[in-house]
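Trainee: What follows is final_24.cif, made up of mmCIF, C-alpha atoms:
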data_structure
loop_
_atom_site.label_atom_id
_atom_site.label_comp_id
_atom_site.auth_asym_id
_atom_site.auth_seq_id
_atom_site.Cartn_x
_atom_site.Cartn_y
_atom_site.Cartn_z
CA PRO A 30 14.75 -11.04 9.80
CA GLY A 31 11.21 -11.35 11.08
CA GLY A 32 11.47 -8.34 13.38
CA GLY A 33 13.68 -6.24 11.12
CA ARG A 34 12.74 -2.98 9.47
CA TRP A 35 13.82 -1.95 6.00
CA ALA A 36 15.66 1.10 7.36
CA ARG A 37 18.06 -1.10 9.30
CA GLU A 38 18.45 -3.88 6.76
CA PHE A 39 19.12 -1.45 3.91
CA LYS A 40 22.19 -0.23 5.80
CA SER A 41 23.73 -3.69 6.07
CA PRO A 42 27.23 -3.69 4.47
CA ASN A 43 26.32 -6.95 2.75
CA LEU A 44 23.68 -5.14 0.71
CA GLN A 45 25.65 -2.07 -0.31
CA VAL A 46 26.83 -3.50 -3.61
CA ASP A 47 26.61 -1.78 -6.98
CA GLY A 48 23.77 -3.12 -9.09
CA ILE A 49 22.04 -4.84 -6.16
CA SER A 50 18.99 -3.58 -4.29
CA LEU A 51 16.51 -5.13 -1.91
CA ARG A 52 13.01 -5.54 -3.25
CA GLY A 53 12.33 -3.28 -0.30
CA GLY A 54 13.02 -0.60 -2.86
CA SER A 55 9.48 -1.41 -3.93
CA ILE A 56 8.27 -0.63 -0.45
CA LEU A 57 5.49 1.95 -0.45
CA GLN A 58 7.89 4.75 0.44
CA CYS A 59 8.44 4.16 4.12
CA SER A 60 11.54 2.42 5.41
CA GLN A 61 10.01 2.05 8.89
CA VAL A 62 7.78 -0.80 7.74
CA GLY A 63 8.58 -4.23 9.16
CA ILE A 64 10.00 -6.70 6.65
CA GLY A 65 7.81 -9.67 7.58
CA GLY A 66 4.41 -8.01 7.48
CA TYR A 67 5.20 -5.97 4.38
CA THR A 68 6.31 -9.03 2.41
CA LEU A 69 3.65 -11.51 3.58
CA GLY A 70 0.90 -8.95 2.94
CA GLY A 71 1.95 -8.55 -0.68
CA GLY A 72 4.56 -5.80 -0.79
CA LEU A 73 3.48 -3.06 -3.20
CA GLY A 74 5.83 -0.21 -3.95
CA TYR A 75 7.83 1.91 -6.36
CA SER A 76 9.40 -0.97 -8.31
CA THR A 77 6.27 -3.14 -8.50
CA GLY A 78 5.89 -2.26 -12.18
CA ALA A 79 9.37 -3.56 -12.98
CA HIS A 80 9.66 -6.49 -10.57
CA GLY A 81 6.20 -7.29 -9.18
CA MET A 82 5.41 -7.52 -5.49
CA ALA A 83 7.87 -8.40 -2.73
CA LEU A 84 6.15 -11.73 -2.03
CA ASP A 85 6.56 -12.78 -5.67
CA ASN A 86 10.31 -12.35 -5.20
CA LEU A 87 10.45 -14.32 -1.95
CA VAL A 88 12.79 -17.31 -2.34
CA SER A 89 12.50 -18.89 1.11
CA ALA A 90 11.59 -18.10 4.71
CA THR A 91 12.64 -19.37 8.12
CA VAL A 92 9.47 -19.95 10.10
CA VAL A 93 8.73 -20.60 13.77
CA LEU A 94 5.73 -22.95 13.91
CA ALA A 95 3.06 -22.96 16.59
CA SER A 96 4.80 -26.01 18.11
CA GLY A 97 8.03 -24.02 18.55
CA GLU A 98 9.77 -25.95 15.78
CA ILE A 99 11.87 -23.87 13.36
CA VAL A 100 11.59 -24.87 9.72
CA LYS A 101 12.57 -23.51 6.33
CA ALA A 102 9.80 -22.90 3.80
CA SER A 103 10.56 -22.79 0.09
CA ASP A 104 9.49 -24.43 -3.16
CA SER A 105 11.39 -27.56 -2.12
CA GLU A 106 10.92 -27.56 1.68
CA HIS A 107 7.44 -27.32 3.23
CA PRO A 108 6.07 -25.98 -0.09
CA ASP A 109 2.52 -25.76 1.27
CA LEU A 110 3.67 -23.44 4.05
CA PHE A 111 5.71 -21.40 1.56
CA TRP A 112 2.58 -20.95 -0.59
CA ALA A 113 0.62 -19.71 2.41
CA LEU A 114 3.26 -17.15 3.40
CA ARG A 115 3.37 -15.21 0.17
CA GLY A 116 0.39 -13.76 0.81
CA GLY A 117 7.48 16.20 -6.01
CA TYR A 118 5.23 18.56 -7.48
CA VAL A 119 3.01 20.71 -5.23
CA TYR A 120 -0.25 22.15 -6.58
CA LEU A 121 -2.91 24.48 -5.25
CA PRO A 122 -6.48 23.13 -4.85
CA ALA A 123 -7.68 25.07 -7.91
CA GLN A 124 -5.28 23.01 -10.04
CA LEU A 125 -6.85 19.67 -9.05
CA PRO A 126 -8.76 19.25 -12.37
CA HIS A 127 -5.52 19.67 -14.34
CA VAL A 128 -3.67 17.27 -12.03
CA VAL A 129 -6.30 14.55 -12.54
CA GLU A 130 -6.18 15.05 -16.30
CA ALA A 131 -2.37 14.87 -16.32
CA ILE A 132 -2.30 11.69 -14.22
CA ASN A 133 -4.72 9.92 -16.56
CA ALA A 134 -2.65 10.99 -19.57
CA TRP A 135 0.53 9.71 -17.88
CA ARG A 136 -1.09 6.39 -16.95
CA LYS A 137 -1.56 5.62 -20.65
CA VAL A 138 2.19 5.74 -21.24
CA GLN A 139 3.46 4.74 -17.76
CA LYS A 140 6.72 2.80 -17.88
CA ASP A 141 7.47 -0.12 -15.58
CA HIS A 142 10.16 1.84 -13.71
CA GLU A 143 7.83 4.78 -12.97
CA ALA A 144 5.36 5.32 -10.14
CA ILE A 145 3.33 8.25 -8.87
CA LEU A 146 1.76 9.05 -5.52
CA CYS A 147 -0.93 11.74 -5.55
CA VAL A 148 -1.33 13.04 -2.00
CA PHE A 149 -3.85 15.39 -0.38
CA THR A 150 -2.33 17.03 2.68
CA LEU A 151 -1.92 20.29 4.60
CA ASP A 152 1.21 22.42 4.66
CA PRO A 153 2.72 23.59 8.00
CA ASP A 154 0.48 26.65 7.89
CA GLY A 155 -2.67 24.55 7.50
CA ASN A 156 -3.22 25.25 3.80
CA PRO A 157 -4.47 22.32 1.67
CA TYR A 158 -2.53 21.26 -1.40
CA VAL A 159 -2.04 18.40 -3.83
CA THR A 160 1.38 16.78 -4.12
CA ILE A 161 2.59 14.57 -6.95
CA ASN A 162 5.51 12.38 -5.93
CA GLY A 163 6.93 10.93 -9.11
CA ILE A 164 9.52 8.16 -8.71
CA SER A 165 11.55 6.93 -11.68
CA ASN A 166 14.27 4.31 -11.30
CA SER A 167 16.35 6.01 -13.99
CA THR A 168 18.66 8.94 -14.63
CA LYS A 169 17.53 12.38 -13.50
CA GLU A 170 17.09 13.41 -17.13
CA ASP A 171 14.89 10.43 -17.97
CA GLY A 172 12.85 11.01 -14.83
CA GLU A 173 12.26 14.66 -15.64
CA ALA A 174 11.25 13.73 -19.18
CA GLY A 175 8.81 11.10 -17.91
CA PHE A 176 7.09 13.54 -15.57
CA LYS A 177 7.40 16.63 -17.80
CA ARG A 178 3.64 17.02 -18.09
CA PHE A 179 3.40 17.69 -14.34
CA PHE A 180 6.01 20.42 -14.51
CA GLU A 181 4.13 22.05 -17.38
CA LEU A 182 1.04 22.42 -15.15
CA GLY A 183 2.87 25.18 -13.28
CA PRO A 184 3.14 23.73 -9.76
CA ALA A 185 3.58 26.04 -6.81
CA LYS A 186 6.74 24.14 -5.88
CA VAL A 187 9.01 21.70 -7.70
CA THR A 188 11.71 19.43 -6.29
CA ASN A 189 13.63 17.20 -8.68
CA ALA A 190 16.62 15.21 -7.52
CA GLN A 191 18.47 12.00 -8.23
CA ILE A 192 18.91 10.12 -4.96
CA PRO A 193 20.02 6.61 -3.90
CA TRP A 194 17.31 3.96 -3.79
CA ILE A 195 17.72 3.63 -0.04
CA GLU A 196 16.72 7.28 0.42
CA VAL A 197 13.60 6.79 -1.70
CA SER A 198 12.25 4.45 0.96
CA ASN A 199 12.61 7.23 3.56
CA LEU A 200 10.39 9.74 1.76
CA SER A 201 7.35 9.29 3.97
CA ASN A 202 8.85 8.49 7.35
CA ALA A 203 7.61 11.79 8.76
CA PHE A 204 4.11 10.35 9.19
CA ASN A 205 5.48 7.79 11.65
CA VAL A 206 6.71 10.42 14.09
CA ILE A 207 3.57 12.57 14.14
CA PRO A 208 2.39 12.65 17.76
CA GLY A 209 -1.04 11.46 18.82
CA ASN A 210 -3.40 8.85 17.39
CA LYS A 211 -3.23 7.20 13.98
CA MET A 212 -5.56 4.99 11.98
CA VAL A 213 -5.37 3.86 8.34
CA VAL A 214 -7.51 2.01 5.85
CA GLY A 215 -7.12 1.21 2.16
CA ALA A 216 -9.49 1.38 -0.77
CA HIS A 217 -9.41 0.01 -4.30
CA ILE A 218 -10.61 1.97 -7.31
CA ASP A 219 -10.87 1.33 -11.03
CA VAL A 220 -12.23 4.79 -11.86
CA PHE A 221 -10.07 7.89 -11.46
CA ASP A 222 -11.96 10.90 -12.76
CA LEU A 223 -12.53 14.46 -11.61
CA PRO A 224 -16.09 14.14 -10.22
CA GLN A 225 -15.05 11.27 -7.96
CA ILE A 226 -11.74 12.86 -6.94
CA GLN A 227 -13.51 16.11 -6.11
CA LYS A 228 -15.86 14.24 -3.77
CA SER A 229 -12.86 12.62 -2.08
CA TRP A 230 -11.15 16.01 -1.76
CA ASP A 231 -14.26 17.54 -0.18
CA SER A 232 -14.61 14.67 2.30
CA TRP A 233 -10.90 14.82 3.23
CA SER A 234 -11.17 18.62 3.67
CA GLU A 235 -13.80 18.08 6.35
CA ILE A 236 -11.68 15.46 8.14
CA VAL A 237 -8.61 17.69 8.48
CA LYS A 238 -10.62 20.24 10.43
CA LYS A 239 -10.30 17.88 13.42
CA ALA A 240 -7.42 15.67 12.28
CA PRO A 241 -5.09 18.10 10.48
CA ALA A 242 -2.19 15.68 9.99
CA SER A 243 -4.38 13.29 7.98
CA ALA A 244 -3.59 12.50 4.36
CA LEU A 245 -5.21 10.82 1.40
CA MET A 246 -2.87 9.09 -1.05
CA TYR A 247 -3.59 7.60 -4.49
CA GLU A 248 -0.91 5.08 -5.49
CA PHE A 249 -0.14 4.58 -9.17
CA TYR A 250 2.24 1.67 -9.43
CA GLY A 251 2.58 -0.64 -12.40
CA TYR A 252 0.16 -3.46 -11.51
CA LYS A 253 0.53 -5.64 -14.62
CA ARG A 254 3.16 -7.91 -13.04
CA VAL A 255 0.91 -8.34 -10.02
CA ALA A 256 -2.12 -9.28 -12.09
CA LYS A 257 -0.35 -11.73 -14.42
CA VAL A 258 0.58 -14.09 -11.56
CA PRO A 259 -2.12 -16.83 -11.31
CA ILE A 260 -4.32 -16.25 -8.27
CA GLY A 261 -3.61 -19.74 -6.93
CA GLN A 262 0.19 -19.47 -7.13
CA THR A 263 0.43 -17.80 -3.71
CA ALA A 264 -2.00 -17.16 -0.87
CA PHE A 265 -2.17 -13.47 -1.83
CA ALA A 266 -5.44 -13.08 -3.73
CA GLN A 267 -5.55 -9.42 -4.79
CA ARG A 268 -4.33 -10.18 -8.31
CA HIS A 269 -5.97 -7.32 -10.17
CA GLU A 270 -4.97 -4.00 -11.70
CA MET A 271 -7.17 -1.81 -9.52
CA MET A 272 -5.46 1.25 -8.09
CA THR A 273 -4.69 1.40 -4.38
CA VAL A 274 -5.64 4.32 -2.13
CA LEU A 275 -4.43 4.91 1.43
CA CYS A 276 -6.51 6.91 3.91
CA ALA A 277 -4.34 7.89 6.86
CA PHE A 278 -5.81 9.71 9.87
CA ALA A 279 -3.64 11.36 12.52
CA TRP A 280 -5.04 13.45 15.34
CA THR A 281 -4.44 14.73 18.87
CA ASP A 282 -7.96 16.03 19.58
CA GLU A 283 -9.38 13.25 21.78
CA SER A 284 -12.95 14.30 20.94
CA PHE A 285 -12.29 12.91 17.47
CA THR A 286 -11.24 9.47 18.72
CA SER A 287 -14.73 8.04 19.18
CA GLU A 288 -15.77 8.95 15.64
CA ALA A 289 -12.49 8.30 13.82
CA ARG A 290 -13.22 4.75 12.66
CA ASP A 291 -16.68 5.57 11.29
CA LYS A 292 -15.36 8.64 9.46
CA LEU A 293 -12.45 6.63 8.07
CA LEU A 294 -14.76 3.97 6.64
CA ARG A 295 -17.11 6.65 5.30
CA LEU A 296 -14.21 8.25 3.47
CA LYS A 297 -13.25 4.85 2.06
CA SER A 298 -16.80 4.51 0.67
CA VAL A 299 -16.65 7.93 -0.94
CA ILE A 300 -13.31 7.16 -2.60
CA SER A 301 -14.56 3.98 -4.29
CA GLY A 302 -18.08 5.30 -4.87
CA SER A 303 -17.79 5.54 -8.68
CA SER A 304 -15.80 2.34 -9.13
CA SER A 305 -17.01 -1.18 -9.85
CA LYS A 306 -18.89 -3.30 -7.32
CA GLU A 307 -15.74 -5.39 -6.83
CA ALA A 308 -13.76 -2.29 -5.91
CA GLN A 309 -16.45 -0.97 -3.59
CA GLU A 310 -16.68 -4.28 -1.73
CA SER A 311 -12.92 -4.70 -1.42
CA LEU A 312 -11.36 -4.23 2.02
CA GLY A 313 -8.49 -2.45 0.27
CA TYR A 314 -4.86 -3.52 0.03
CA VAL A 315 -4.38 -6.12 2.75
CA ASN A 316 -1.54 -4.26 4.49
CA TYR A 317 -3.85 -1.24 4.91
CA ALA A 318 -6.83 -3.22 6.23
CA ASP A 319 -6.24 -2.67 9.96
CA PRO A 320 -9.84 -1.71 10.89
CA PHE A 321 -11.05 -5.09 9.64
CA CYS A 322 -8.45 -7.47 11.02
CA THR A 323 -9.50 -6.60 14.59
CA LEU A 324 -13.08 -7.69 13.81
CA ASN A 325 -12.35 -11.10 12.43
CA GLU A 326 -14.12 -13.44 14.86
CA THR A 327 -16.17 -15.15 12.14
CA ASP A 328 -13.47 -15.16 9.42
CA GLU A 329 -15.74 -12.98 7.27
CA TYR A 330 -12.93 -10.55 6.49
CA ALA A 331 -10.27 -13.25 6.10
CA LYS A 332 -12.48 -14.87 3.47
CA LYS A 333 -12.67 -11.57 1.61
CA ILE A 334 -8.94 -10.97 1.79
CA PHE A 335 -7.86 -14.44 0.65
CA GLY A 336 -10.79 -15.15 -1.67
CA PRO A 337 -10.58 -18.54 -3.41
CA ASN A 338 -7.35 -19.34 -1.53
CA TYR A 339 -9.07 -19.29 1.86
CA HIS A 340 -10.02 -22.98 2.02
CA ARG A 341 -6.52 -24.14 1.13
CA LEU A 342 -5.20 -21.88 3.87
CA GLN A 343 -7.56 -23.60 6.31
CA GLN A 344 -6.00 -26.97 5.47
CA ILE A 345 -2.49 -25.59 5.96
CA LYS A 346 -3.56 -23.97 9.24
CA LYS A 347 -4.88 -27.33 10.44
CA LYS A 348 -1.54 -28.94 9.64
CA TYR A 349 0.79 -26.34 11.18
CA ASP A 350 -1.33 -24.52 13.80
CA PRO A 351 -4.43 -26.58 14.70
CA LYS A 352 -4.85 -24.84 18.09
CA LEU A 353 -4.82 -21.35 16.58
CA VAL A 354 -1.75 -20.23 18.52
CA PHE A 355 -1.18 -17.52 15.91
CA ASN A 356 -4.51 -15.70 16.07
CA LYS A 357 -3.77 -12.08 15.15
CA TRP A 358 -4.23 -10.08 11.94
CA PHE A 359 -6.48 -12.03 9.52
CA ALA A 360 -6.22 -15.31 11.40
CA ILE A 361 -7.36 -18.39 9.52
CA ARG A 362 -9.53 -20.88 11.39
CA PRO A 363 -8.21 -24.46 10.96
CA ALA A 364 -10.27 -26.81 8.82
CA HIS A 365 -12.40 -29.27 10.76
#
Represent the structure of the file as structure tokens.
Mentor:
Amino acid sequence: PGGGRWAREFKSPNLQVDGISLRGGSILQCSQVGIGGYTLGGGLGYSTGAHGMALDNLVSATVVLASGEIVKASDSEHPDLFWALRGGYVYLPAQLPHVVEAINAWRKVQKDHEAILCVFTLDPDGNPYVTINGISNSTKEDGEAGFKRFFELGPAKVTNAQIPWIEVSNLSNAFNVIPGNKMVVGAHIDVFDLPQIQKSWDSWSEIVKKAPASALMYEFYGYKRVAKVPIGQTAFAQRHEMMTVLCAFAWTDESFTSEARDKLLRLKSVISGSSSKEAQESLGYVNYADPFCTLNETDEYAKKIFGPNYHRLQQIKKKYDPKLVFNKWFAIRPAH
């Protein structure tokens, strides 16, 4: 369903079958995300290591064309259009060096069914802390064994539980109901070390003085299945193993509104500051690239997002939407 959200579709009786789960289980960790945008933008999430991205598991799609015609896109029907579509542990700040060290040690032995989110956020009393959300699609015992090193750091709070996959996708819904303004951007990194993370922590600490509900999240999924897919097999071009970071601002102080975008992009630069040139120049994971898709008049950002697949997308755009009826997000200009 193009307008459906994972929260609703997960509850469908047709999907509540033992041994079957939607690839939405690989959704970041938010069941409020729309199915269409999540999938067509890639679809990273908890089970990416085991099954790849959502778009790489897409079998077919029913599409409304710019002409109003409804068609089915798959490997056998409108294959060109189908190609184009597939585009916790809580620690105190003083423990950050040990957390970074533990994450890097875990990354060396990370299993496909494991994922970690490292989040900087404030507690209800306004105190900063570091949270490790470890997700293992396994038994509780196997999960605890896989993340044992984080328990041994002596976190201020530990919550371990075995829960249904559908509930995993609800873990971060709270951010969606925070009142006020919100703005997000992504970053890519290929260096995760203490000096760089400390700079990111310091920058985030300044932001939350005016936007206290803001969070910074490092996402450690298994990216090997993403990277092994040839870059030309789908329109999605971010086929690398760089780590994804989400910067999420939330604020009610209107005096912060005029400076929010600049501060968000500055934080993005700090986060990728020690990484490769490719990482620094990346717009971040495409589904987090909101600040750029609204400034796309020249296709500069679309070209960055789709890389070597951009020109083929232009030909497909010319065939199916020559008048640019669909002109939102990273709209592709039809070939001449």
Trainee: Just to confirm, what's the straight-line distance from atom CA of A:Gln225 to atom CA of A:Ser305 in Å (one decimal)?
Mentor: 12.7 Å
Trainee: Around the point (-13.2, -9.5, 8.0), in the coordinates given by the file, pick out the residues reaching within 10 Å, counting all atoms listed in the file, and return them as number ranges by chain.
Mentor: A: 312, 318-334, 358-360
Trainee: Do you have the atom CA of A:Ala242-atom CA of A:Tyr158 distance handy?
Mentor: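 Distance between the two atoms: 12.7 Å.
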Trainee: Which residue is closest to A:Met246? Choose from A:Val299, A:Leu275, A:Val354, A:Leu125 and count only C-alpha atoms.
Mentor: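 Nearest candidate to A:Met246 out of A:Val299, A:Leu275, A:Val354, A:Leu125: A:Leu275.
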Trainee: Would you work out the distance separating atom CA of A:Ser284 from atom CA of A:Asn210, expressed in Å to one decimal?
Mentor: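 Atom CA of A:Asn210 lies at a distance of 11.6 Å from atom CA of A:Ser284.
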Trainee: Restricting the calculation to all atoms listed in the file, which member of A:Gln267, A:Lys137, A:Tyr250, A:Val100 is positioned closest to A:Gly336?
Mentor: A:Gln267
Trainee: Set the distance at 10 Å and use only C-alpha atoms: which residues neighbour A:Glu173 once local chain neighbours fewer than 5 positions away are removed? I'd like the list as a PyMOL selection string.
Mentor: chain A and resi 163-165+167-168+178-180+189-190
Trainee: With distances taken over all atoms listed in the file, which residue among A:Phe265, A:Lys357, A:Pro351, A:Ser301 lies nearest A:Ala95?
Mentor: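 So, comparing all the options, the nearest one is A:Pro351.
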Trainee: Pick from A:Ala264, A:Leu151, A:Leu342, A:Ala277: nearest to A:Pro122, with all atoms listed in the file counted?
Mentor: A:Leu151
